[in-house]
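Undergrad: Pasting in a structure now, in structure tokens, and then I'll have a few things to ask.
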Amino acid sequence: AAGPCGTCAGLPGTGPMGTPDGYRRWGLDRPLERPPAPPAVKPALGRSGPQQWGLPPIVRQVPTDKRVVFVTIDDGIEKDPRFVKQARELGLPFTAFLTDNVIGDHYDYFDRLRRLGNPMENHTLTHPSLAGMAYDDQVREICGQRDNVWDHFGQAPRLFRPPFGDYDETTLRAAGFCGARTVVLWRAEMETRGLAYRSGDHLLPGDIILAHFRGPDQLEGQSMTEWITALVRAIQAQGFTIGQLEDYV
């Protein structure tokens with residue numbers, strides 16, 4: 001495994017600040033180190049083909065040589081109040097991609113997380129597989145959730161994640177029409193038993209990690225806070241710190 005991210009400490013990366021001993025309360029042996037300073041100019045993001053010029057770019061991995069990765073948390077099924085405390089005490093930067101039909105009338109929970117410095121982005125109204133759907137139906141799903149995010153948080157989402165990672169060119173056109181600047185996928189996923197990778201067997205600089213708002217019913221008895229502790233521990237063990245995705249995309 002790579003060594004610790006010693007060069008990251010003290011650099012002026014953005015994101016929430018943790019409490020001095022918060023890491024101990026959540027079972028970690030050291031605090032999260034501050035992420036490296038974000039680039040003065042955001043890196044150019046590639047497109048998968050020439051037909052996508054003029055459409056939002058797709059990103060799984062941020063172009064960077066810094067030992068920083070990015071945590072994204074999807075849907076909103078679990079609303080564990082202890083996770084708000086954990087995120088605050090660890091100073092955990094993450095980006096949430098929210099789905100309306102599992103949040104219901106609990107947007108206040110996610111507003112508490114947003115107020116810690118964690119952006120709330122777009123993951124559709126009802127979490128369908130968008131690829132193959134008609135353009136108007138995709139617009140309804142994406143723009144509808146854009147409007148919900150605006151109504152509840154007073155800011156429009158800039159990033160969009162298609163449910164299941166499924167998309168087609170129609171999705172990109174609909175996302176762009178609904179104001180998404182970037183379509184965000186992932187290269188690693190936090191599963192019940194640990195990190196899984198789309199390729200290889202370890203994290204790489206700039207990796208985007210997918211997690212979910214899940215609880216004991218979905219995590220074989222684990223709480224969300226236990227699961228997030230395991231994720232942070234795995235990231236630290238590979239010598240990375242966690243940055244704020246919106247600083248780069």
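Going by the structure tokens order, chains are called A, B, ..., each with residues numbered from 1, while ligands are numbered from 1 in the order shown.
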Which segment 121-234 of chain A residues have any atom within 8 Å of an atom of segment 80-84 of chain A, and for each, what is the nearest pair of atoms with distance in Å to one decimal, counting only C-alpha atoms, rows sorted by chain and number, as JSON lines?
TA:
{"residue": "A:Gly215", "atom": "CA", "partner": "A:Asp80", "partner_atom": "CA", "distance": 7.7}
{"residue": "A:Met224", "atom": "CA", "partner": "A:Phe83", "partner_atom": "CA", "distance": 7.0}
{"residue": "A:Thr225", "atom": "CA", "partner": "A:Phe83", "partner_atom": "CA", "distance": 5.6}
Undergrad: Restricting it to all heavy atoms, dump the selection as a compact mmCIF listing (two decimals), in the first residue's frame.
TA:
# COMPACT_ATOMS: atom_id res chain seq x y z
N GLY A 215 -28.68 1.65 5.43
CA GLY A 215 -28.67 1.28 6.83
C GLY A 215 -28.61 -0.20 7.02
O GLY A 215 -28.31 -0.96 6.08
N MET A 224 -25.00 2.85 8.94
CA MET A 224 -24.34 3.69 7.95
C MET A 224 -23.04 4.26 8.50
O MET A 224 -22.04 4.35 7.78
CB MET A 224 -25.26 4.82 7.50
CG MET A 224 -24.59 5.70 6.45
SD MET A 224 -25.71 6.69 5.49
CE MET A 224 -24.52 7.55 4.42
N THR A 225 -23.03 4.63 9.76
CA THR A 225 -21.81 5.22 10.32
C THR A 225 -20.68 4.19 10.40
O THR A 225 -19.52 4.53 10.16
CB THR A 225 -22.08 5.82 11.71
OG1 THR A 225 -22.64 4.84 12.57
CG2 THR A 225 -23.02 7.01 11.61
Undergrad: Write out as a count of residues only which residues come within 7 Å of segment 103-107 of chain A when counting only C-alpha atoms, dropping same-chain ones fewer than 5 positions away.
TA: 3
Undergrad: Suppose you want the space between atom CA of Pro57 of chain A and atom CA of Trp186 of chain A; what is it in Å?
TA: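 Atom CA of Pro57 of chain A sits 13.5 Å away from atom CA of Trp186 of chain A.
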Undergrad: Calculated over only C-alpha atoms, which of the candidates A:Phe153, A:Gln244, A:Gln61, A:Arg146 has the smallest distance to Tyr197 of chain A?
TA: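 Under the stated criterion, the closest residue is A:Gln61.
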Undergrad: What gap, in Å, lies between atom CA of Val71 of chain A and atom CA of Ala196 of chain A?
TA: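 Atom-to-atom, atom CA of Val71 of chain A to atom CA of Ala196 of chain A, that is 13.7 Å.
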Undergrad: From the options A:Cys143, A:Leu159, A:Ile235, A:Leu98, which residue's atoms come nearest to Pro205 of chain A, counting only C-alpha atoms?
TA: A:Ile235
Undergrad: Quick one: residues within 8 Å of Trp26 of chain A, only C-alpha atoms counted, chain neighbours fewer than 4 positions away excluded, as a list in words?
TA: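 Here the answer would be Gly22, Gln86, Thr225, Glu226 and Thr229 of chain A.
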Undergrad: Identify, on the basis of only C-alpha atoms, every residue whose closest approach to Leu45 of chain A does not exceed 12 Å; exclude the query and any residue fewer than 4 positions from it along the same chain; express the result as a ChimeraX atom specification.
TA: /A:41,53,55-64,181-184,248-249
Undergrad: To test your reading of the structure, identify every residue in segment 27-171 of chain A that backbone DSSP assigns to alpha helix (DSSP H), and report it as a VMD selection string.
TA: chain A and resid 81 to 90 100 to 103 107 to 114 135 to 153 169 to 171
Undergrad: What is the distance between atom CA of Pro35 of chain A and atom CA of Thr241 of chain A, in Å to one decimal?
TA: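 The value is 5.8 Å.
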Undergrad: From a DSSP pass on the backbone, collect the residues of segment 115-179 of chain A flagged as strand (DSSP E or B) and hand them back as a list in words.
TA: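 DSSP-assigned strand (DSSP E or B) residues in segment 115-179 of chain A: Met120, Glu121, Asn122, Leu159 and Phe160 of chain A.
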Undergrad: Please list as a PyMOL selection string every residue within 10 Å of Glu169 of chain A, counting only C-alpha atoms and excluding residues in the same chain fewer than 2 positions away.
TA: chain A and resi 51-52+55+131-132+135+167+171-175
Undergrad: Would you mind exporting the chosen residues as a compact mmCIF listing (two decimals), in the first residue's frame, restricted to C-alpha atoms?
TA:
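As written to disk, selection-v4.txt reads:
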# COMPACT_ATOMS: atom_id res chain seq x y z
CA GLN A 51 -20.60 12.97 -31.15
CA GLN A 52 -20.69 14.25 -27.56
CA LEU A 55 -22.96 17.83 -24.39
CA ALA A 131 -31.01 4.64 -21.34
CA GLY A 132 -33.64 4.02 -23.99
CA TYR A 135 -36.23 12.47 -24.39
CA TYR A 167 -27.20 6.59 -19.96
CA THR A 171 -29.54 11.33 -21.41
CA LEU A 172 -26.66 13.69 -22.09
CA ARG A 173 -28.88 15.99 -24.12
CA ALA A 174 -31.56 15.97 -21.41
CA ALA A 175 -29.01 16.53 -18.63
Undergrad: List the neighbours of Gln155 of chain A out to 9 Å using only C-alpha atoms; skip same-chain residues closer than 5 positions along the sequence, and give me the result as a PyMOL selection string.
TA: chain A and resi 120+149-150
Undergrad: Can you spit out the residues from that selection as a compact mmCIF listing (two decimals), in the first residue's frame, using C-alpha atoms?
TA:
# COMPACT_ATOMS: atom_id res chain seq x y z
CA MET A 120 -26.51 18.25 -3.00
CA VAL A 149 -33.06 20.67 -5.25
CA TRP A 150 -33.58 24.34 -6.03
Undergrad: Return the single residue from A:Asp74, A:Asp100, A:Glu121, A:Asp217 that is closest to Ala180 of chain A, with distances computed using only C-alpha atoms.
TA: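 Of A:Asp74, A:Asp100, A:Glu121, A:Asp217, the one nearest Ala180 of chain A, counting only C-alpha atoms, is A:Glu121.
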